[in-house]
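Okay, work_0.txt now, which holds compact mmCIF, C-alpha atoms and all ligand atoms:
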```
# COMPACT_ATOMS: atom_id res chain seq x y z
CA MET A 1 13.20 -20.09 8.53
CA ALA A 2 11.89 -21.57 11.81
CA LYS A 3 8.20 -22.54 11.93
CA GLU A 4 7.31 -20.13 14.75
CA ARG A 5 8.96 -17.30 12.81
CA ILE A 6 6.75 -17.93 9.76
CA GLU A 7 3.63 -18.00 11.93
CA SER A 8 4.54 -14.67 13.46
CA LEU A 9 5.04 -12.98 10.10
CA PRO A 10 2.26 -10.57 9.08
CA LYS A 11 0.12 -11.81 6.20
CA HIS A 12 -0.40 -8.34 4.82
CA ILE A 13 1.70 -5.26 5.54
CA GLY A 14 0.47 -1.77 4.68
CA ILE A 15 3.13 0.91 4.35
CA ILE A 16 2.53 4.67 4.48
CA MET A 17 5.55 6.08 2.65
CA ASP A 18 5.76 9.32 4.62
CA GLY A 19 8.51 11.91 5.00
CA ASN A 20 9.69 12.37 1.41
CA GLY A 21 9.18 16.13 1.51
CA ARG A 22 11.03 16.55 4.81
CA TRP A 23 13.87 14.35 3.56
CA ALA A 24 14.36 16.72 0.60
CA LYS A 25 13.95 19.87 2.72
CA LYS A 26 16.65 18.72 5.13
CA ARG A 27 19.01 18.63 2.16
CA GLY A 28 17.85 21.92 0.66
CA LEU A 29 16.34 20.11 -2.33
CA PRO A 30 12.91 20.49 -4.01
CA ARG A 31 10.29 18.04 -2.66
CA LYS A 32 10.25 16.02 -5.85
CA PHE A 33 13.76 14.77 -5.08
CA GLY A 34 12.36 13.29 -1.88
CA HIS A 35 9.75 11.42 -3.89
CA ARG A 36 12.41 10.13 -6.27
CA GLN A 37 14.40 8.81 -3.32
CA GLY A 38 11.16 7.45 -1.83
CA ALA A 39 10.50 5.49 -5.01
CA LYS A 40 13.96 3.89 -4.65
CA ALA A 41 13.11 2.89 -1.08
CA PHE A 42 9.83 1.39 -2.39
CA ARG A 43 11.79 -0.74 -4.84
CA LYS A 44 14.17 -1.95 -2.13
CA VAL A 45 11.43 -2.75 0.39
CA VAL A 46 9.27 -4.68 -2.12
CA ARG A 47 12.18 -6.98 -2.89
CA TYR A 48 13.03 -7.40 0.78
CA CYS A 49 9.45 -8.27 1.75
CA LYS A 50 9.39 -10.91 -0.95
CA GLU A 51 12.69 -12.31 0.25
CA LYS A 52 11.32 -12.47 3.83
CA GLY A 53 8.27 -14.44 2.69
CA ILE A 54 5.66 -11.68 3.21
CA ARG A 55 2.69 -12.74 1.08
CA CYS A 56 1.07 -9.35 0.61
CA CYS A 57 2.32 -5.79 0.88
CA THR A 58 0.42 -2.57 0.03
CA PHE A 59 2.09 0.82 -0.40
CA TYR A 60 0.28 4.15 -0.11
CA ALA A 61 1.62 6.06 -3.11
CA PHE A 62 -1.03 8.77 -3.67
CA SER A 63 -4.13 9.61 -1.69
CA THR A 64 -7.38 11.23 -2.81
CA GLU A 65 -6.23 14.25 -0.76
CA ASN A 66 -2.81 14.53 -2.44
CA TRP A 67 -4.33 16.32 -5.48
CA SER A 68 -4.34 19.48 -3.34
CA ARG A 69 -0.52 19.67 -3.51
CA PRO A 70 1.16 22.11 -5.92
CA LYS A 71 0.76 20.98 -9.56
CA GLU A 72 4.52 20.65 -9.98
CA GLU A 73 4.67 18.14 -7.13
CA VAL A 74 1.64 16.15 -8.34
CA ASP A 75 3.16 16.02 -11.85
CA ALA A 76 6.49 14.82 -10.41
CA ILE A 77 4.80 12.00 -8.45
CA MET A 78 2.75 10.95 -11.52
CA SER A 79 5.82 10.94 -13.72
CA LEU A 80 7.70 8.79 -11.16
CA MET A 81 4.70 6.50 -11.11
CA LYS A 82 4.89 6.06 -14.89
CA GLU A 83 8.59 5.29 -14.71
CA TYR A 84 8.14 2.80 -11.89
CA LEU A 85 5.20 1.05 -13.50
CA ASP A 86 7.65 -0.03 -16.18
CA GLU A 87 9.99 -1.22 -13.47
CA VAL A 88 7.21 -3.03 -11.58
CA ARG A 89 6.82 -5.12 -14.74
CA LYS A 90 10.16 -6.72 -13.81
CA TYR A 91 8.75 -7.91 -10.49
CA ILE A 92 5.94 -9.72 -12.15
CA ASP A 93 8.54 -11.85 -13.88
CA GLU A 94 9.41 -12.90 -10.33
CA ASP A 95 5.93 -14.34 -9.72
CA VAL A 96 4.53 -11.19 -8.04
CA ARG A 97 0.89 -10.29 -8.56
CA VAL A 98 0.24 -6.54 -8.78
CA ILE A 99 -3.06 -4.96 -7.73
CA PHE A 100 -3.79 -1.21 -7.84
CA ILE A 101 -6.27 0.10 -5.34
CA GLY A 102 -8.00 3.46 -5.68
CA ASP A 103 -9.97 5.32 -8.32
CA ARG A 104 -7.79 5.12 -11.40
CA THR A 105 -10.33 6.83 -13.68
CA LYS A 106 -8.91 10.22 -12.61
CA LEU A 107 -5.39 9.32 -13.75
CA ASP A 108 -3.77 9.90 -17.16
CA HIS A 109 -4.93 7.43 -19.77
CA ASP A 110 -1.46 5.94 -20.33
CA ILE A 111 -1.00 5.33 -16.57
CA GLN A 112 -4.39 3.60 -16.47
CA GLN A 113 -3.42 1.41 -19.41
CA LYS A 114 -0.13 0.40 -17.77
CA MET A 115 -1.97 -0.43 -14.54
CA ASN A 116 -4.59 -2.54 -16.32
CA ALA A 117 -1.94 -4.42 -18.29
CA LEU A 118 0.17 -5.12 -15.19
CA GLU A 119 -2.81 -6.47 -13.29
CA GLU A 120 -3.91 -8.64 -16.19
CA ASP A 121 -0.43 -10.02 -16.91
CA SER A 122 0.28 -10.85 -13.26
CA LYS A 123 -3.12 -12.18 -12.19
CA ASP A 124 -2.03 -15.81 -11.92
CA PHE A 125 1.15 -15.14 -9.95
CA THR A 126 1.22 -16.32 -6.38
CA SER A 127 4.56 -15.76 -4.58
CA MET A 128 3.54 -12.34 -3.37
CA THR A 129 0.79 -9.77 -3.95
CA LEU A 130 1.99 -6.19 -4.31
CA GLY A 131 -0.73 -3.60 -3.72
CA ILE A 132 -0.16 -0.01 -4.82
CA ALA A 133 -2.65 2.59 -3.61
CA VAL A 134 -3.05 5.41 -6.14
CA ASN A 135 -5.77 8.05 -5.83
CA TYR A 136 -6.89 5.95 -2.90
CA GLY A 137 -9.03 6.98 0.05
CA GLY A 138 -10.49 4.57 2.60
CA ARG A 139 -13.74 6.50 3.01
CA ALA A 140 -14.29 6.72 -0.75
CA GLU A 141 -13.63 2.96 -0.99
CA ILE A 142 -16.20 2.20 1.72
CA THR A 143 -18.75 4.58 0.14
CA ASN A 144 -18.28 2.93 -3.26
CA ALA A 145 -18.71 -0.53 -1.75
CA ALA A 146 -21.96 0.58 -0.07
CA LYS A 147 -23.22 2.02 -3.35
CA SER A 148 -22.45 -1.07 -5.37
CA ILE A 149 -24.08 -3.33 -2.76
CA ALA A 150 -27.18 -1.06 -2.81
CA GLN A 151 -27.28 -1.29 -6.61
CA GLU A 152 -27.06 -5.10 -6.55
CA VAL A 153 -29.82 -5.28 -3.92
CA ALA A 154 -32.02 -2.86 -5.90
CA SER A 155 -31.56 -4.85 -9.11
CA GLY A 156 -32.35 -8.12 -7.32
CA ASP A 157 -28.87 -9.60 -7.86
CA LEU A 158 -28.19 -9.66 -4.12
CA ASP A 159 -30.50 -10.53 -1.24
CA LEU A 160 -30.30 -7.89 1.55
CA SER A 161 -30.36 -10.62 4.21
CA MET A 162 -27.16 -12.03 2.68
CA VAL A 163 -25.18 -8.82 3.16
CA ASP A 164 -22.61 -9.36 5.89
CA GLU A 165 -19.01 -8.31 6.60
CA HIS A 166 -17.68 -10.82 4.11
CA THR A 167 -19.96 -9.48 1.34
CA PHE A 168 -18.78 -5.99 2.20
CA SER A 169 -15.09 -6.98 2.03
CA GLN A 170 -15.74 -8.54 -1.35
CA HIS A 171 -16.85 -5.13 -2.67
CA LEU A 172 -13.65 -3.35 -1.65
CA TYR A 173 -10.60 -2.81 -3.89
CA THR A 174 -8.78 -5.31 -1.66
CA SER A 175 -11.19 -8.20 -2.24
CA GLN A 176 -8.28 -10.39 -3.38
CA MET A 177 -6.13 -9.68 -0.32
CA PRO A 178 -6.27 -10.72 3.34
CA ASP A 179 -6.98 -7.94 5.88
CA VAL A 180 -3.91 -5.89 6.65
CA ASP A 181 -2.39 -7.04 9.95
CA LEU A 182 0.54 -4.63 10.22
CA ILE A 183 0.66 -0.95 9.22
CA ILE A 184 4.03 0.79 9.23
CA ARG A 185 4.38 4.57 9.10
CA PRO A 186 7.78 6.21 9.34
CA SER A 187 8.46 9.95 9.82
CA GLY A 188 6.90 10.52 13.24
CA GLU A 189 3.26 11.08 12.21
CA TYR A 190 0.83 9.04 14.32
CA ARG A 191 -2.23 8.74 12.12
CA ILE A 192 -3.88 6.51 9.52
CA SER A 193 -4.60 9.24 6.91
CA ASN A 194 -7.57 7.47 5.28
CA PHE A 195 -5.51 4.33 4.47
CA LEU A 196 -7.15 0.85 4.55
CA LEU A 197 -9.77 1.95 7.12
CA TRP A 198 -11.99 -1.13 6.91
CA GLN A 199 -9.11 -3.57 6.44
CA SER A 200 -7.10 -2.34 9.45
CA ALA A 201 -9.79 -3.12 12.06
CA TYR A 202 -7.42 -5.50 13.87
CA ALA A 203 -4.08 -4.34 12.50
CA GLU A 204 -1.04 -3.65 14.63
CA PHE A 205 0.41 -0.18 14.07
CA ILE A 206 4.10 0.59 14.11
CA PHE A 207 4.99 4.27 13.93
CA MET A 208 8.69 4.97 13.52
CA LYS A 209 9.65 8.44 14.54
CA ASN A 210 13.34 8.57 13.78
CA ILE A 211 13.21 7.61 10.12
CA LEU A 212 11.91 9.30 6.96
CA TRP A 213 10.63 7.03 4.19
CA PRO A 214 13.49 7.64 1.69
CA ASP A 215 15.95 6.33 4.33
CA PHE A 216 13.82 3.28 5.22
CA SER A 217 16.01 0.20 4.90
CA GLU A 218 15.93 -3.58 5.30
CA LYS A 219 17.11 -3.03 8.89
CA ASP A 220 13.99 -0.94 9.65
CA MET A 221 11.75 -3.62 8.17
CA ASP A 222 13.46 -6.22 10.37
CA LYS A 223 12.82 -4.03 13.41
CA ALA A 224 9.13 -3.72 12.50
CA LEU A 225 8.80 -7.47 11.93
CA ASP A 226 10.45 -8.23 15.28
CA GLU A 227 8.13 -5.80 17.04
CA PHE A 228 5.10 -7.36 15.30
CA ALA A 229 6.22 -10.84 16.37
CA ARG A 230 6.43 -9.67 20.00
CA ARG A 231 2.90 -8.25 20.08
CA ASN A 232 0.16 -10.35 21.60
CA ARG A 233 -2.77 -10.26 19.19
CA ARG A 234 -6.06 -11.10 20.90
CA PHE A 235 -8.70 -10.02 18.32
CA GLY A 236 -11.04 -8.81 21.05
CA GLY A 237 -10.65 -12.01 23.10
CA VAL A 238 -8.70 -12.40 26.35
C1 LIG A 301 4.36 11.21 1.47
O1 LIG A 301 5.45 12.02 1.88
C2 LIG A 301 4.61 10.67 0.13
C3 LIG A 301 3.78 10.82 -0.95
C4 LIG A 301 2.53 11.58 -0.90
C5 LIG A 301 4.14 10.26 -2.29
C6 LIG A 301 4.76 8.89 -2.31
C7 LIG A 301 5.22 8.59 -3.67
C8 LIG A 301 6.34 7.93 -3.99
C9 LIG A 301 7.23 7.29 -3.01
C10 LIG A 301 6.79 7.81 -5.42
C11 LIG A 301 5.93 7.09 -6.39
C12 LIG A 301 5.39 5.78 -5.98
C13 LIG A 301 5.73 4.55 -6.45
C14 LIG A 301 4.92 3.37 -6.01
C15 LIG A 301 6.86 4.33 -7.33
P1 LIG A 301 5.24 13.59 2.03
O2 LIG A 301 5.44 14.22 0.69
O3 LIG A 301 3.90 13.86 2.65
O4 LIG A 301 6.40 13.99 3.01
P2 LIG A 301 6.37 15.13 4.11
O5 LIG A 301 5.34 14.72 5.13
O6 LIG A 301 7.77 15.09 4.65
O7 LIG A 301 6.05 16.41 3.42
```
Can I see the file as structure tokens?
Ligand code: FPP
Amino acid sequence: MAKERIESLPKHIGIIMDGNGRWAKKRGLPRKFGHRQGAKAFRKVVRYCKEKGIRCCTFYAFSTENWSRPKEEVDAIMSLMKEYLDEVRKYIDEDVRVIFIGDRTKLDHDIQQKMNALEEDSKDFTSMTLGIAVNYGGRAEITNAAKSIAQEVASGDLDLSMVDEHTFSQHLYTSQMPDVDLIIRPSGEYRISNFLLWQSAYAEFIFMKNILWPDFSEKDMDKALDEFARRNRRFGGV
């Protein structure tokens, strides 16, 4: 890969896997079939990102707001999650570090155990970091960070004058990851939906309107990477 190409690759891609329900509806199938197909797209895209040399990729799998969906749909997503956590174990044999972001205490005990074990067993791997957001909400993450900083200040473990943006970042679920610099959302919705709010301060956004997540392919990722490489990132400068 040419040097300039590597430099123009995003360091951290966030992906909002949207459109599973519509994909199923278009085919007259229950929504859970869309999620099953979406999980297959997740598998394909993780491998492709690794192949392309992307160092960090975070997928939005379940938000703090998704609990309001019908129980049958929530159960279907959780059961897919369980199945795929076993599959994710295969990636870690390929030197991929896995980090789960979100409040896992609300999840089934066996899912929590699988998550903890995956994180522990992959913590020294360095080829790529795979983030999976489960019961994740950006506002809840920021609130929790503020609370834990306040606690450390109150207990005397942290000096208030030392609290800066870096300290704050270190109290987020993503403390081990660089800020996200590209967010991709297929399915024609143009919003962030409480995903990586702090971390996306300078991210480029690519919204793809003609594709639903279950159909997202390597070709779509190439398109997004080409578009990212063409953008002129100024970080508030000129
Ligand atoms: C958004 O589409 C998708 C979700 C809320 C669930 C995503 C979950 C998976 C892909 C499966 C499990 C995850 C992993 C990591 C294996 P939507 O249901 O809002 O679609 P719609 O907007 O068309 O209704």
I'd like the contact shell of Arg97 in chain A - 7 Å cut-off, all atoms listed in the file, skipping same-chain residues fewer than 2 positions apart - returned as a PDB file with C-alpha atoms, in the frame of the given file.
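And here is the file that came out, selection_15.pdb:
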```
ATOM      1  CA  ILE A  92       5.940  -9.720 -12.150  1.00  0.00           C
ATOM      2  CA  ASP A  95       5.930 -14.340  -9.720  1.00  0.00           C
ATOM      3  CA  ILE A  99      -3.060  -4.960  -7.730  1.00  0.00           C
ATOM      4  CA  SER A 122       0.280 -10.850 -13.260  1.00  0.00           C
ATOM      5  CA  LYS A 123      -3.120 -12.180 -12.190  1.00  0.00           C
ATOM      6  CA  PHE A 125       1.150 -15.140  -9.950  1.00  0.00           C
ATOM      7  CA  THR A 126       1.220 -16.320  -6.380  1.00  0.00           C
ATOM      8  CA  MET A 128       3.540 -12.340  -3.370  1.00  0.00           C
ATOM      9  CA  THR A 129       0.790  -9.770  -3.950  1.00  0.00           C
ATOM     10  CA  LEU A 130       1.990  -6.190  -4.310  1.00  0.00           C
TER      11      LEU A 130
END
```
Residue contacts of range 163-167 of chain A (12 Å, all atoms listed in the file) excluding same-chain residues fewer than 6 positions away, as a ChimeraX atom specification: /A:142,145-146,148-150,152-153,157,174-175,178-179,198-199,201
Distance limit 9 Å, reference ligand LIG 301 (chain A), atoms considered: all atoms listed in the file. Which residues make the cut? Give them as a PyMOL selection string. chain A and resi 16-25+31-32+34-43+59-63+66+73-74+76-85+87-88+132-134+187+189+212-214
Could you dump the residues just selected with C-alpha atoms as a PDB file, in the coordinates of the input?
```pdb
ATOM      1  CA  ILE A  16       2.530   4.670   4.480  1.00  0.00           C
ATOM      2  CA  MET A  17       5.550   6.080   2.650  1.00  0.00           C
ATOM      3  CA  ASP A  18       5.760   9.320   4.620  1.00  0.00           C
ATOM      4  CA  GLY A  19       8.510  11.910   5.000  1.00  0.00           C
ATOM      5  CA  ASN A  20       9.690  12.370   1.410  1.00  0.00           C
ATOM      6  CA  GLY A  21       9.180  16.130   1.510  1.00  0.00           C
ATOM      7  CA  ARG A  22      11.030  16.550   4.810  1.00  0.00           C
ATOM      8  CA  TRP A  23      13.870  14.350   3.560  1.00  0.00           C
ATOM      9  CA  ALA A  24      14.360  16.720   0.600  1.00  0.00           C
ATOM     10  CA  LYS A  25      13.950  19.870   2.720  1.00  0.00           C
ATOM     11  CA  ARG A  31      10.290  18.040  -2.660  1.00  0.00           C
ATOM     12  CA  LYS A  32      10.250  16.020  -5.850  1.00  0.00           C
ATOM     13  CA  GLY A  34      12.360  13.290  -1.880  1.00  0.00           C
ATOM     14  CA  HIS A  35       9.750  11.420  -3.890  1.00  0.00           C
ATOM     15  CA  ARG A  36      12.410  10.130  -6.270  1.00  0.00           C
ATOM     16  CA  GLN A  37      14.400   8.810  -3.320  1.00  0.00           C
ATOM     17  CA  GLY A  38      11.160   7.450  -1.830  1.00  0.00           C
ATOM     18  CA  ALA A  39      10.500   5.490  -5.010  1.00  0.00           C
ATOM     19  CA  LYS A  40      13.960   3.890  -4.650  1.00  0.00           C
ATOM     20  CA  ALA A  41      13.110   2.890  -1.080  1.00  0.00           C
ATOM     21  CA  PHE A  42       9.830   1.390  -2.390  1.00  0.00           C
ATOM     22  CA  ARG A  43      11.790  -0.740  -4.840  1.00  0.00           C
ATOM     23  CA  PHE A  59       2.090   0.820  -0.400  1.00  0.00           C
ATOM     24  CA  TYR A  60       0.280   4.150  -0.110  1.00  0.00           C
ATOM     25  CA  ALA A  61       1.620   6.060  -3.110  1.00  0.00           C
ATOM     26  CA  PHE A  62      -1.030   8.770  -3.670  1.00  0.00           C
ATOM     27  CA  SER A  63      -4.130   9.610  -1.690  1.00  0.00           C
ATOM     28  CA  ASN A  66      -2.810  14.530  -2.440  1.00  0.00           C
ATOM     29  CA  GLU A  73       4.670  18.140  -7.130  1.00  0.00           C
ATOM     30  CA  VAL A  74       1.640  16.150  -8.340  1.00  0.00           C
ATOM     31  CA  ALA A  76       6.490  14.820 -10.410  1.00  0.00           C
ATOM     32  CA  ILE A  77       4.800  12.000  -8.450  1.00  0.00           C
ATOM     33  CA  MET A  78       2.750  10.950 -11.520  1.00  0.00           C
ATOM     34  CA  SER A  79       5.820  10.940 -13.720  1.00  0.00           C
ATOM     35  CA  LEU A  80       7.700   8.790 -11.160  1.00  0.00           C
ATOM     36  CA  MET A  81       4.700   6.500 -11.110  1.00  0.00           C
ATOM     37  CA  LYS A  82       4.890   6.060 -14.890  1.00  0.00           C
ATOM     38  CA  GLU A  83       8.590   5.290 -14.710  1.00  0.00           C
ATOM     39  CA  TYR A  84       8.140   2.800 -11.890  1.00  0.00           C
ATOM     40  CA  LEU A  85       5.200   1.050 -13.500  1.00  0.00           C
ATOM     41  CA  GLU A  87       9.990  -1.220 -13.470  1.00  0.00           C
ATOM     42  CA  VAL A  88       7.210  -3.030 -11.580  1.00  0.00           C
ATOM     43  CA  ILE A 132      -0.160  -0.010  -4.820  1.00  0.00           C
ATOM     44  CA  ALA A 133      -2.650   2.590  -3.610  1.00  0.00           C
ATOM     45  CA  VAL A 134      -3.050   5.410  -6.140  1.00  0.00           C
ATOM     46  CA  SER A 187       8.460   9.950   9.820  1.00  0.00           C
ATOM     47  CA  GLU A 189       3.260  11.080  12.210  1.00  0.00           C
ATOM     48  CA  LEU A 212      11.910   9.300   6.960  1.00  0.00           C
ATOM     49  CA  TRP A 213      10.630   7.030   4.190  1.00  0.00           C
ATOM     50  CA  PRO A 214      13.490   7.640   1.690  1.00  0.00           C
TER      51      PRO A 214
END
```
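Here CA of Lys209 in chain A stands at a distance of 24.2 Å from CA of Tyr136 in chain A.
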What does the distance from CA of Ala140 in chain A to CA of Asp124 in chain A come to in Å, to one decimal? 28.0 Å
Considering all atoms listed in the file, state which residue in the set A:Phe207, A:Lys114, A:Gly102, A:Asp181 is at the smallest distance from Glu65 in chain A.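 Result for the nearest residue to Glu65 in chain A: A:Gly102.
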Using CA of Glu218 in chain A and CA of Ile183 in chain A as the two end points, give the distance in Å to one decimal. 16.0 Å
Counting all atoms listed in the file, which residue out of A:His109, A:Arg185, A:Arg69, A:Lys52 sits closest to Ser127 in chain A?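 Among A:His109, A:Arg185, A:Arg69, A:Lys52, it is A:Lys52 that comes nearest to Ser127 in chain A.
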Could you give me, as number ranges by chain, the residues that have an atom at most 12 Å away from the point (8.4, -10.9, 0.5) in the coordinates of the file, using only C-alpha atoms? A: 6, 9-13, 43-58, 91, 94-97, 126-130, 218, 221, 225
